[in-house]
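The file work.csv comes next; it holds CSV, C-alpha atoms and all ligand atoms.
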```csv
chain,number,residue,atom,x,y,z
A,1,MET,CA,7.0,7.3,28.4
A,2,SER,CA,9.9,8.0,26.1
A,3,ALA,CA,9.2,5.9,23.0
A,4,ASP,CA,7.4,7.2,19.9
A,5,VAL,CA,4.2,5.3,19.3
A,6,ILE,CA,4.1,4.1,15.7
A,7,ASP,CA,0.6,4.7,14.3
A,8,GLY,CA,-0.1,1.7,12.2
A,9,LYS,CA,-3.7,2.6,11.7
A,10,ALA,CA,-2.7,5.9,10.0
A,11,PHE,CA,0.1,4.3,8.0
A,12,ALA,CA,-2.3,1.6,6.8
A,13,ALA,CA,-4.9,4.2,5.7
A,14,ASN,CA,-2.1,5.9,3.7
A,15,ILE,CA,-1.2,2.6,2.0
A,16,ARG,CA,-4.9,2.1,1.1
A,17,GLU,CA,-5.0,5.5,-0.4
A,18,LYS,CA,-2.0,4.7,-2.6
A,19,VAL,CA,-3.6,1.4,-3.6
A,20,ALA,CA,-6.8,3.3,-4.5
A,21,ALA,CA,-4.9,5.7,-6.7
A,22,GLU,CA,-3.1,2.8,-8.3
A,23,VAL,CA,-6.4,1.0,-9.0
A,24,ALA,CA,-7.9,4.1,-10.6
A,25,ARG,CA,-4.8,4.4,-12.8
A,26,MET,CA,-5.0,0.7,-13.8
A,27,LYS,CA,-8.7,1.0,-14.7
A,28,GLU,CA,-8.1,4.2,-16.8
A,29,THR,CA,-4.9,3.3,-18.6
A,30,ALA,CA,-5.2,-0.5,-19.0
A,31,GLY,CA,-8.9,-1.2,-18.5
A,32,VAL,CA,-8.1,-3.7,-15.8
A,33,THR,CA,-9.8,-3.9,-12.4
A,34,PRO,CA,-7.9,-5.9,-9.7
A,35,GLY,CA,-10.1,-8.6,-8.1
A,36,LEU,CA,-9.6,-10.3,-4.7
A,37,ALA,CA,-11.4,-13.5,-3.7
A,38,VAL,CA,-11.6,-14.3,0.0
A,39,VAL,CA,-12.7,-17.7,1.1
A,40,LEU,CA,-14.0,-18.3,4.7
A,41,VAL,CA,-14.7,-21.8,5.9
A,42,GLY,CA,-16.8,-22.0,9.1
A,43,GLU,CA,-18.0,-19.4,11.5
A,44,ASP,CA,-15.0,-18.5,13.7
A,45,PRO,CA,-16.1,-15.1,15.0
A,46,ALA,CA,-12.7,-13.4,14.7
A,47,SER,CA,-12.2,-14.7,11.1
A,48,GLN,CA,-15.7,-13.5,10.2
A,49,VAL,CA,-14.7,-10.0,11.4
A,50,TYR,CA,-11.4,-10.0,9.4
A,51,VAL,CA,-13.1,-11.3,6.2
A,52,ARG,CA,-15.8,-8.7,6.5
A,53,SER,CA,-13.2,-6.0,6.8
A,54,LYS,CA,-11.2,-7.4,3.9
A,55,GLY,CA,-14.3,-7.3,1.6
A,56,ARG,CA,-15.2,-3.8,2.7
A,57,MET,CA,-11.7,-2.4,2.2
A,58,THR,CA,-11.3,-4.1,-1.1
A,59,ARG,CA,-14.4,-2.4,-2.4
A,60,GLU,CA,-13.4,1.0,-0.8
A,61,VAL,CA,-10.2,1.0,-2.9
A,62,GLY,CA,-12.1,0.3,-6.1
A,63,MET,CA,-11.2,-3.3,-6.5
A,64,GLU,CA,-13.6,-6.2,-7.1
A,65,SER,CA,-14.4,-8.3,-4.1
A,66,PHE,CA,-15.5,-11.9,-4.4
A,67,GLU,CA,-16.5,-13.5,-1.1
A,68,HIS,CA,-17.0,-17.2,-0.7
A,69,ARG,CA,-18.4,-18.6,2.6
A,70,LEU,CA,-18.5,-22.4,3.1
A,71,ASN,CA,-19.9,-24.4,6.0
A,72,ASP,CA,-17.4,-25.9,8.4
A,73,ASP,CA,-18.5,-29.4,7.4
A,74,VAL,CA,-17.6,-28.8,3.7
A,75,SER,CA,-15.2,-31.5,2.4
A,76,GLU,CA,-11.6,-30.6,1.7
A,77,GLN,CA,-12.2,-31.6,-2.0
A,78,GLU,CA,-15.0,-29.1,-2.3
A,79,LEU,CA,-12.7,-26.4,-1.0
A,80,LEU,CA,-9.9,-27.5,-3.4
A,81,ASP,CA,-12.4,-27.4,-6.3
A,82,LEU,CA,-13.4,-23.8,-5.4
A,83,VAL,CA,-9.7,-22.8,-5.3
A,84,GLU,CA,-9.2,-24.3,-8.8
A,85,THR,CA,-12.2,-22.4,-10.1
A,86,LEU,CA,-10.8,-19.2,-8.7
A,87,ASN,CA,-7.3,-20.0,-10.2
A,88,ALA,CA,-9.0,-20.2,-13.6
A,89,ASP,CA,-11.1,-17.1,-13.2
A,90,PRO,CA,-9.5,-14.1,-15.1
A,91,LYS,CA,-11.3,-11.6,-13.0
A,92,VAL,CA,-9.6,-12.9,-9.8
A,93,HIS,CA,-6.0,-11.7,-9.4
A,94,GLY,CA,-5.7,-12.6,-5.7
A,95,ILE,CA,-7.0,-15.5,-3.7
A,96,LEU,CA,-6.9,-15.7,0.1
A,97,VAL,CA,-8.2,-18.6,2.2
A,98,GLN,CA,-8.8,-17.3,5.7
A,99,LEU,CA,-6.9,-19.2,8.4
A,100,PRO,CA,-7.3,-21.2,10.6
A,101,LEU,CA,-9.1,-23.8,8.6
A,102,PRO,CA,-11.3,-26.5,10.4
A,103,GLY,CA,-9.3,-29.4,11.8
A,104,HIS,CA,-10.3,-31.9,9.1
A,105,MET,CA,-8.5,-29.9,6.4
A,106,ASP,CA,-4.9,-29.9,5.4
A,107,SER,CA,-4.0,-26.2,5.3
A,108,GLU,CA,-0.7,-26.8,3.5
A,109,LYS,CA,-2.5,-28.7,0.7
A,110,VAL,CA,-5.1,-26.0,0.3
A,111,ILE,CA,-2.5,-23.2,0.2
A,112,ASN,CA,-0.3,-25.0,-2.2
A,113,THR,CA,-3.3,-25.5,-4.6
A,114,ILE,CA,-3.6,-21.7,-5.0
A,115,ASP,CA,-1.9,-20.5,-8.2
A,116,PRO,CA,1.3,-19.0,-6.7
A,117,ARG,CA,0.8,-15.9,-8.9
A,118,LYS,CA,-2.6,-15.3,-7.2
A,119,ASP,CA,-1.3,-16.2,-3.7
A,120,VAL,CA,-1.7,-12.8,-2.2
A,121,ASP,CA,-1.0,-14.2,1.3
A,122,GLY,CA,2.5,-15.3,0.1
A,123,PHE,CA,2.1,-18.6,1.9
A,124,HIS,CA,2.5,-21.0,-1.1
A,125,ILE,CA,5.7,-23.0,-1.0
A,126,GLN,CA,6.9,-21.5,-4.2
A,127,ASN,CA,6.5,-18.0,-2.8
A,128,ALA,CA,8.3,-19.0,0.4
A,129,GLY,CA,11.2,-20.4,-1.7
A,130,ARG,CA,11.3,-17.4,-3.9
A,131,LEU,CA,11.5,-15.0,-0.9
A,132,MET,CA,14.3,-17.1,0.6
A,133,THR,CA,16.3,-17.1,-2.6
A,134,GLY,CA,15.8,-13.4,-3.3
A,135,GLN,CA,13.5,-13.9,-6.3
A,136,LYS,CA,10.4,-11.9,-7.0
A,137,SER,CA,7.6,-13.4,-4.9
A,138,MET,CA,4.3,-12.6,-3.2
A,139,VAL,CA,5.3,-11.5,0.4
A,140,PRO,CA,3.2,-12.4,3.4
A,141,CYS,CA,1.1,-9.5,4.5
A,142,THR,CA,1.9,-9.1,8.2
A,143,PRO,CA,5.7,-9.3,7.7
A,144,LEU,CA,5.5,-6.9,4.7
A,145,GLY,CA,3.6,-4.5,6.9
A,146,CYS,CA,6.2,-4.7,9.6
A,147,LEU,CA,9.0,-4.1,7.1
A,148,MET,CA,7.2,-1.0,5.8
A,149,LEU,CA,6.9,0.4,9.4
A,150,LEU,CA,10.5,-0.3,10.1
A,151,ARG,CA,11.8,1.3,6.9
A,152,ASP,CA,9.6,4.4,7.5
A,153,ARG,CA,11.0,4.7,11.0
A,154,LEU,CA,14.7,3.7,10.5
A,155,GLY,CA,15.4,4.2,6.8
A,156,ASP,CA,18.2,1.9,5.7
A,157,LEU,CA,18.2,-1.2,7.9
A,158,ALA,CA,21.6,-2.6,6.7
A,159,GLY,CA,23.8,-3.7,9.5
A,160,LEU,CA,21.2,-3.4,12.3
A,161,GLU,CA,20.8,-6.2,14.8
A,162,ALA,CA,17.3,-7.7,14.5
A,163,VAL,CA,15.7,-10.3,16.8
A,164,VAL,CA,12.5,-12.0,15.7
A,165,ILE,CA,10.6,-13.8,18.4
A,166,GLY,CA,8.6,-16.6,16.9
A,167,ARG,CA,9.3,-19.1,14.1
A,168,SER,CA,5.9,-19.4,12.4
A,169,ASN,CA,5.7,-19.8,8.6
A,170,ILE,CA,3.2,-16.9,8.5
A,171,VAL,CA,5.2,-14.3,10.4
A,172,GLY,CA,8.5,-15.3,12.1
A,173,LYS,CA,10.3,-17.0,9.2
A,174,PRO,CA,9.3,-14.6,6.4
A,175,MET,CA,10.0,-11.6,8.7
A,176,ALA,CA,13.5,-12.9,9.4
A,177,GLN,CA,14.0,-13.5,5.7
A,178,LEU,CA,12.9,-9.9,4.8
A,179,LEU,CA,15.2,-8.5,7.4
A,180,LEU,CA,18.1,-10.6,6.1
A,181,ASN,CA,17.3,-9.3,2.6
A,182,GLU,CA,17.7,-5.8,4.1
A,183,ARG,CA,21.1,-7.0,5.3
A,184,CYS,CA,20.2,-6.9,9.0
A,185,THR,CA,22.0,-9.4,11.3
A,186,VAL,CA,19.1,-11.6,12.2
A,187,THR,CA,18.4,-13.9,15.1
A,188,ILE,CA,15.3,-16.0,15.2
A,189,THR,CA,14.3,-16.9,18.8
A,190,HIS,CA,11.4,-19.1,20.0
A,191,SER,CA,10.0,-20.9,23.0
A,192,LYS,CA,13.1,-23.1,23.4
A,193,THR,CA,15.6,-20.2,23.2
A,194,LYS,CA,17.8,-20.4,26.3
A,195,ASP,CA,18.5,-16.8,27.0
A,196,LEU,CA,16.1,-14.5,25.1
A,197,GLN,CA,17.0,-11.5,27.2
A,198,ALA,CA,20.7,-11.8,26.2
A,199,HIS,CA,19.6,-11.7,22.5
A,200,LEU,CA,17.2,-8.8,23.0
A,201,LYS,CA,19.8,-6.7,24.8
A,202,ARG,CA,21.7,-6.4,21.5
A,203,ALA,CA,18.7,-5.8,19.3
A,204,ASP,CA,18.1,-2.5,17.4
A,205,ILE,CA,15.0,-4.1,16.0
A,206,VAL,CA,12.6,-6.5,17.8
A,207,VAL,CA,9.7,-8.2,16.1
A,208,ALA,CA,7.6,-10.1,18.6
A,209,ALA,CA,5.3,-12.7,17.2
A,210,VAL,CA,5.0,-15.5,19.8
A,211,GLY,CA,1.3,-15.2,20.9
A,212,ARG,CA,2.1,-14.8,24.6
A,213,ALA,CA,0.4,-11.8,26.2
A,214,GLU,CA,2.9,-9.1,27.4
A,215,MET,CA,5.8,-11.5,27.6
A,216,VAL,CA,8.6,-9.1,26.6
A,217,LYS,CA,9.4,-6.6,29.4
A,218,GLY,CA,10.9,-3.2,29.0
A,219,ASP,CA,14.1,-4.1,30.9
A,220,TRP,CA,14.9,-6.8,28.4
A,221,LEU,CA,15.3,-4.3,25.6
A,222,LYS,CA,18.2,-2.3,24.4
A,223,PRO,CA,17.5,1.4,25.0
A,224,GLY,CA,16.3,3.1,21.8
A,225,ALA,CA,15.2,-0.2,20.1
A,226,CYS,CA,12.4,-0.2,17.5
A,227,VAL,CA,9.8,-2.6,18.8
A,228,ILE,CA,7.2,-4.1,16.4
A,229,ASP,CA,4.6,-6.1,18.3
A,230,VAL,CA,2.7,-8.6,16.1
A,231,GLY,CA,0.8,-10.3,19.0
A,232,ILE,CA,-2.9,-9.9,19.4
A,233,ASN,CA,-3.9,-11.5,22.7
A,234,ARG,CA,-7.2,-11.0,24.6
A,235,LEU,CA,-6.8,-10.9,28.4
A,236,GLU,CA,-9.5,-12.3,30.7
A,237,PRO,CA,-12.3,-9.8,31.2
A,238,GLU,CA,-12.0,-7.6,34.3
A,239,PRO,CA,-14.9,-8.0,36.8
A,240,GLY,CA,-18.1,-6.6,35.4
A,241,LYS,CA,-16.7,-6.4,31.9
A,242,GLU,CA,-17.9,-8.6,29.0
A,243,LYS,CA,-14.6,-8.6,27.0
A,244,GLY,CA,-11.0,-8.7,28.1
A,245,ARG,CA,-8.5,-6.1,26.8
A,246,LEU,CA,-6.4,-6.7,23.7
A,247,VAL,CA,-2.7,-6.7,24.3
A,248,GLY,CA,0.4,-7.6,22.3
A,249,ASP,CA,3.4,-9.9,23.1
A,250,VAL,CA,5.2,-6.9,24.5
A,251,ASP,CA,4.4,-5.3,27.9
A,252,PHE,CA,3.6,-1.9,26.4
A,253,ALA,CA,3.9,0.2,29.6
A,254,SER,CA,7.4,-0.9,30.5
A,255,ALA,CA,8.7,-1.3,27.0
A,256,SER,CA,7.7,2.2,26.0
A,257,GLU,CA,10.0,3.5,28.8
A,258,VAL,CA,13.0,2.0,27.1
A,259,ALA,CA,12.3,1.6,23.4
A,260,GLY,CA,12.9,4.4,20.8
A,261,ALA,CA,9.7,3.5,19.0
A,262,ILE,CA,7.0,0.9,19.5
A,263,THR,CA,3.8,-0.3,17.8
A,264,PRO,CA,0.6,-0.4,20.0
A,265,VAL,CA,-1.9,-3.2,20.1
A,266,PRO,CA,-4.5,-2.5,18.8
A,267,GLY,CA,-3.6,0.0,16.1
A,268,GLY,CA,-0.1,-1.1,15.2
A,269,VAL,CA,0.7,-4.0,13.0
A,270,GLY,CA,-2.9,-5.4,12.7
A,271,PRO,CA,-4.3,-2.7,10.3
A,272,MET,CA,-1.1,-3.1,8.1
A,273,THR,CA,-2.1,-6.8,7.4
A,274,ILE,CA,-5.2,-5.9,5.4
A,275,ALA,CA,-3.5,-2.8,3.8
A,276,CYS,CA,-0.7,-5.1,2.5
A,277,LEU,CA,-3.2,-7.7,1.3
A,278,LEU,CA,-4.7,-5.0,-1.0
A,279,ALA,CA,-1.2,-3.9,-2.0
A,280,ASN,CA,-0.3,-7.5,-2.9
A,281,THR,CA,-3.5,-7.8,-5.0
A,282,VAL,CA,-2.4,-4.7,-7.0
A,283,THR,CA,1.0,-6.2,-7.4
A,284,ALA,CA,-0.4,-9.6,-8.6
A,285,CYS,CA,-2.7,-7.8,-11.1
A,286,CYS,CA,0.2,-5.7,-12.5
A,287,ARG,CA,2.3,-8.8,-12.9
A,288,GLU,CA,-0.5,-10.7,-14.6
A,289,ASN,CA,-1.1,-7.9,-17.1
A,290,GLY,CA,2.5,-6.9,-17.7
A,291,LEU,CA,2.0,-3.5,-16.1
A,292,ALA,CA,4.7,-1.6,-14.2
A,293,GLU,CA,4.5,-2.3,-10.4
A,294,PRO,CA,3.9,0.8,-8.3
A,295,GLU,CA,6.6,2.0,-6.0
A,296,GLY,CA,6.3,1.5,-2.2
A,297,LEU,CA,3.8,-1.3,-2.2
A,298,THR,CA,6.2,-4.3,-2.3
A,299,ALA,CA,9.2,-5.4,-0.3
B,1,LIG,N1,-5.2,-16.2,5.3
B,1,LIG,C1,-4.8,-15.5,6.3
B,1,LIG,N2,-5.3,-15.8,7.5
B,1,LIG,C2,-5.0,-15.1,8.6
B,1,LIG,C3,-4.1,-14.0,8.5
B,1,LIG,C4,-3.6,-13.7,7.2
B,1,LIG,O1,-2.7,-12.7,7.0
B,1,LIG,N3,-4.0,-14.5,6.2
B,1,LIG,N4,-3.8,-13.2,9.6
B,1,LIG,C5,-4.6,-13.3,10.8
B,1,LIG,C6,-5.8,-12.5,10.9
B,1,LIG,N5,-5.9,-11.2,10.1
B,1,LIG,C7,-6.1,-11.3,8.8
B,1,LIG,O2,-6.6,-12.2,8.2
B,1,LIG,C8,-5.9,-10.0,10.8
B,1,LIG,C9,-5.6,-9.9,12.2
B,1,LIG,C10,-5.7,-8.7,12.8
B,1,LIG,C11,-6.1,-7.5,12.2
B,1,LIG,C12,-6.3,-6.2,12.9
B,1,LIG,O3,-6.5,-5.2,12.3
B,1,LIG,N6,-6.3,-6.2,14.2
B,1,LIG,C13,-6.6,-5.0,15.0
B,1,LIG,C14,-7.4,-5.5,16.2
B,1,LIG,C15,-8.6,-6.1,15.9
B,1,LIG,C16,-9.5,-6.5,17.1
B,1,LIG,O4,-10.0,-5.6,17.7
B,1,LIG,O5,-9.7,-7.7,17.3
B,1,LIG,C17,-5.3,-4.3,15.5
B,1,LIG,O6,-4.3,-5.0,15.8
B,1,LIG,O7,-5.4,-3.1,15.6
B,1,LIG,C18,-6.3,-7.6,10.8
B,1,LIG,C19,-6.2,-8.8,10.2
B,1,LIG,C20,-5.0,-14.8,11.0
B,1,LIG,N7,-5.5,-15.4,9.8
B,2,MG,MG,-0.5,-4.1,16.6
```

As structure tokens, what does this structure read like?
Amino acid sequence: MSADVIDGKAFAANIREKVAAEVARMKETAGVTPGLAVVLVGEDPASQVYVRSKGRMTREVGMESFEHRLNDDVSEQELLDLVETLNADPKVHGILVQLPLPGHMDSEKVINTIDPRKDVDGFHIQNAGRLMTGQKSMVPCTPLGCLMLLRDRLGDLAGLEAVVIGRSNIVGKPMAQLLLNERCTVTITHSKTKDLQAHLKRADIVVAAVGRAEMVKGDWLKPGACVIDVGINRLEPEPGKEKGRLVGDVDFASASEVAGAITPVPGGVGPMTIACLLANTVTACCRENGLAEPEGLTA
């Protein structure tokens, strides 16, 4: 293996330390404690794990955590009412509704009901528009985490060729926009892209977020490329095992023979998502209270 393995777990722990120091400073100098409300609808096992981690890490950095769990048969109106209550609560600086929502709910409507200033997921249409037009916004956590890892590895990204695989509103599109804001030359590819390999051969940066296990092979990459793997896919369990292995969208074994640096799965991008959520909550709280925003926690 020639690639450096990017330790997202350690990087995320470092971000959480910075957040904790910032929270302590805000309490001491301004008497303000950032508060994060997380709403979980239903009992999706993975979502329950993520929400539990979010609550625990929020408390660990000294912020206030407000957890709201609703049954999966709750009406959309009841969820919207809860969001409005949180919008009006001065102790809540960040609101996150865990996705996916049950099928009877309109996720876009729910997200767009969150006060954009408290939208620490950065999914509200106003934040998407602000990011696109280069205005101050809340930036989606996973792409923000990817950007932090890329900057740490590569420094100035201007002029680099970047290929984003996947065009979701949550990762692909905001990622491409962030890279464009860094003045990369950005290509967004997706399931209908005719010759993905031809695009990848030119890419100094690859961000894979398609949700297809081990799809990107090492010989598709430009030697030395920096590969950020956003995928979290569980393989079928091997005989005698209860759970299958977690893998990314990139075939780690072959890619690490060619790439200059690569994020593993698990332990790469995943931990950055929650660290950036905490960072966004600090940012939202600073903006709400007219406090200076800390360096290194935003895009
Ligand atoms: N409202 C939101 N919903 C969802 C988001 C989001 O950012 N906002 N992202 C994902 C889930 N997610 C956080 O909510 C998340 C996913 C993965 C990880 C993580 O640390 N993954 C680990 C592996 C975990 C495992 O063993 O299963 C890793 O990659 O190392 C954190 C957060 C969908 N919903
Ligand atoms: Mg990862």

List as a PyMOL selection string the protein and nucleic acid residues near Gly231 in chain A, meaning an atom at most 8 Å away when all atoms listed in the file are counted, but skip any in the same chain fewer than 2 places from it. chain A and resi 208-213+229+233+247-250+265

So that I can check the surroundings of Leu221 in chain A, please list as a PyMOL selection string every protein, DNA and RNA residue that reaches within 8 Å of it, counting only C-alpha atoms and ignoring chain neighbours fewer than 3 positions away. chain A and resi 197+200-203+217-218+225+255+258-259

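With distances restricted to all atoms listed in the file, A:Ser254 is the closest residue to Ser2 in chain A from A:Arg16, A:Ser254, A:Val97, A:Cys276.
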
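Relative to CA of Lys243 in chain A, CA of Ser256 in chain A is found at 24.8 Å.
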
At a cut-off of 8 Å from (10.2, -14.7, 20.0) in the coordinates of the file, what residues are picked up using all atoms listed in the file, written as a PDB file with C-alpha atoms, in the frame of the given file?
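The resulting file, part_25.pdb, is reproduced below:
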```
ATOM      1  CA  VAL A 163      15.700 -10.300  16.800  1.00  0.00           C
ATOM      2  CA  VAL A 164      12.500 -12.000  15.700  1.00  0.00           C
ATOM      3  CA  ILE A 165      10.600 -13.800  18.400  1.00  0.00           C
ATOM      4  CA  GLY A 166       8.600 -16.600  16.900  1.00  0.00           C
ATOM      5  CA  ARG A 167       9.300 -19.100  14.100  1.00  0.00           C
ATOM      6  CA  ILE A 188      15.300 -16.000  15.200  1.00  0.00           C
ATOM      7  CA  THR A 189      14.300 -16.900  18.800  1.00  0.00           C
ATOM      8  CA  HIS A 190      11.400 -19.100  20.000  1.00  0.00           C
ATOM      9  CA  SER A 191      10.000 -20.900  23.000  1.00  0.00           C
ATOM     10  CA  LEU A 196      16.100 -14.500  25.100  1.00  0.00           C
ATOM     11  CA  VAL A 207       9.700  -8.200  16.100  1.00  0.00           C
ATOM     12  CA  ALA A 208       7.600 -10.100  18.600  1.00  0.00           C
ATOM     13  CA  ALA A 209       5.300 -12.700  17.200  1.00  0.00           C
ATOM     14  CA  VAL A 210       5.000 -15.500  19.800  1.00  0.00           C
TER      15      VAL A 210
END
```

My list of candidates is A:Asp106, A:Asp7, A:Glu293, A:Asp121. Which is closest to ligand LIG 1 (chain B) when distances are computed with all atoms listed in the file?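 Using all atoms listed in the file, ligand LIG 1 (chain B) sits closest to A:Asp121.
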
Might you pull out every residue within 10 Å of Thr133 in chain A, with only C-alpha atoms counted and same-chain residues fewer than 5 positions away left off, and present them as number ranges by chain? A: 127-128, 177, 181

Within-12 Å shell of (-5.5, -22.2, -0.7) in input frame, all atoms listed in the file, as an MDAnalysis selection string: chainID A and resid 37:41 76:87 94:101 105:116 118:125

Place N, CA and C atoms on range 46-62 of chain A and deliver the coordinates as a compact mmCIF listing (two decimals), in the coordinates of the input.
```txt
# COMPACT_ATOMS: atom_id res chain seq x y z
N ALA A 46 -13.72 -14.32 15.03
CA ALA A 46 -12.70 -13.40 14.70
C ALA A 46 -12.45 -13.42 13.15
N SER A 47 -12.44 -14.62 12.57
CA SER A 47 -12.20 -14.70 11.10
C SER A 47 -13.35 -14.03 10.36
N GLN A 48 -14.59 -14.14 10.88
CA GLN A 48 -15.70 -13.50 10.20
C GLN A 48 -15.49 -11.94 10.18
N VAL A 49 -14.98 -11.41 11.30
CA VAL A 49 -14.70 -10.00 11.40
C VAL A 49 -13.64 -9.59 10.35
N TYR A 50 -12.54 -10.37 10.31
CA TYR A 50 -11.40 -10.00 9.40
C TYR A 50 -11.90 -10.13 7.94
N VAL A 51 -12.69 -11.16 7.63
CA VAL A 51 -13.10 -11.30 6.20
C VAL A 51 -14.09 -10.22 5.82
N ARG A 52 -14.94 -9.81 6.75
CA ARG A 52 -15.80 -8.70 6.50
C ARG A 52 -15.01 -7.42 6.18
N SER A 53 -14.01 -7.16 7.01
CA SER A 53 -13.20 -6.00 6.80
C SER A 53 -12.43 -6.06 5.48
N LYS A 54 -11.96 -7.25 5.14
CA LYS A 54 -11.20 -7.40 3.90
C LYS A 54 -12.14 -7.06 2.69
N GLY A 55 -13.39 -7.56 2.72
CA GLY A 55 -14.30 -7.30 1.60
C GLY A 55 -14.63 -5.80 1.54
N ARG A 56 -14.89 -5.19 2.69
CA ARG A 56 -15.20 -3.80 2.70
C ARG A 56 -14.07 -2.92 2.16
N MET A 57 -12.87 -3.18 2.65
CA MET A 57 -11.70 -2.40 2.20
C MET A 57 -11.36 -2.61 0.77
N THR A 58 -11.59 -3.83 0.30
CA THR A 58 -11.30 -4.10 -1.10
C THR A 58 -12.22 -3.26 -1.99
N ARG A 59 -13.50 -3.19 -1.61
CA ARG A 59 -14.40 -2.40 -2.40
C ARG A 59 -14.09 -0.88 -2.28
N GLU A 60 -13.69 -0.47 -1.06
CA GLU A 60 -13.40 1.00 -0.80
C GLU A 60 -12.23 1.45 -1.73
N VAL A 61 -11.26 0.58 -2.03
CA VAL A 61 -10.20 1.00 -2.90
C VAL A 61 -10.47 0.84 -4.38
N GLY A 62 -11.70 0.41 -4.69
CA GLY A 62 -12.10 0.30 -6.10
C GLY A 62 -11.87 -1.02 -6.75
```
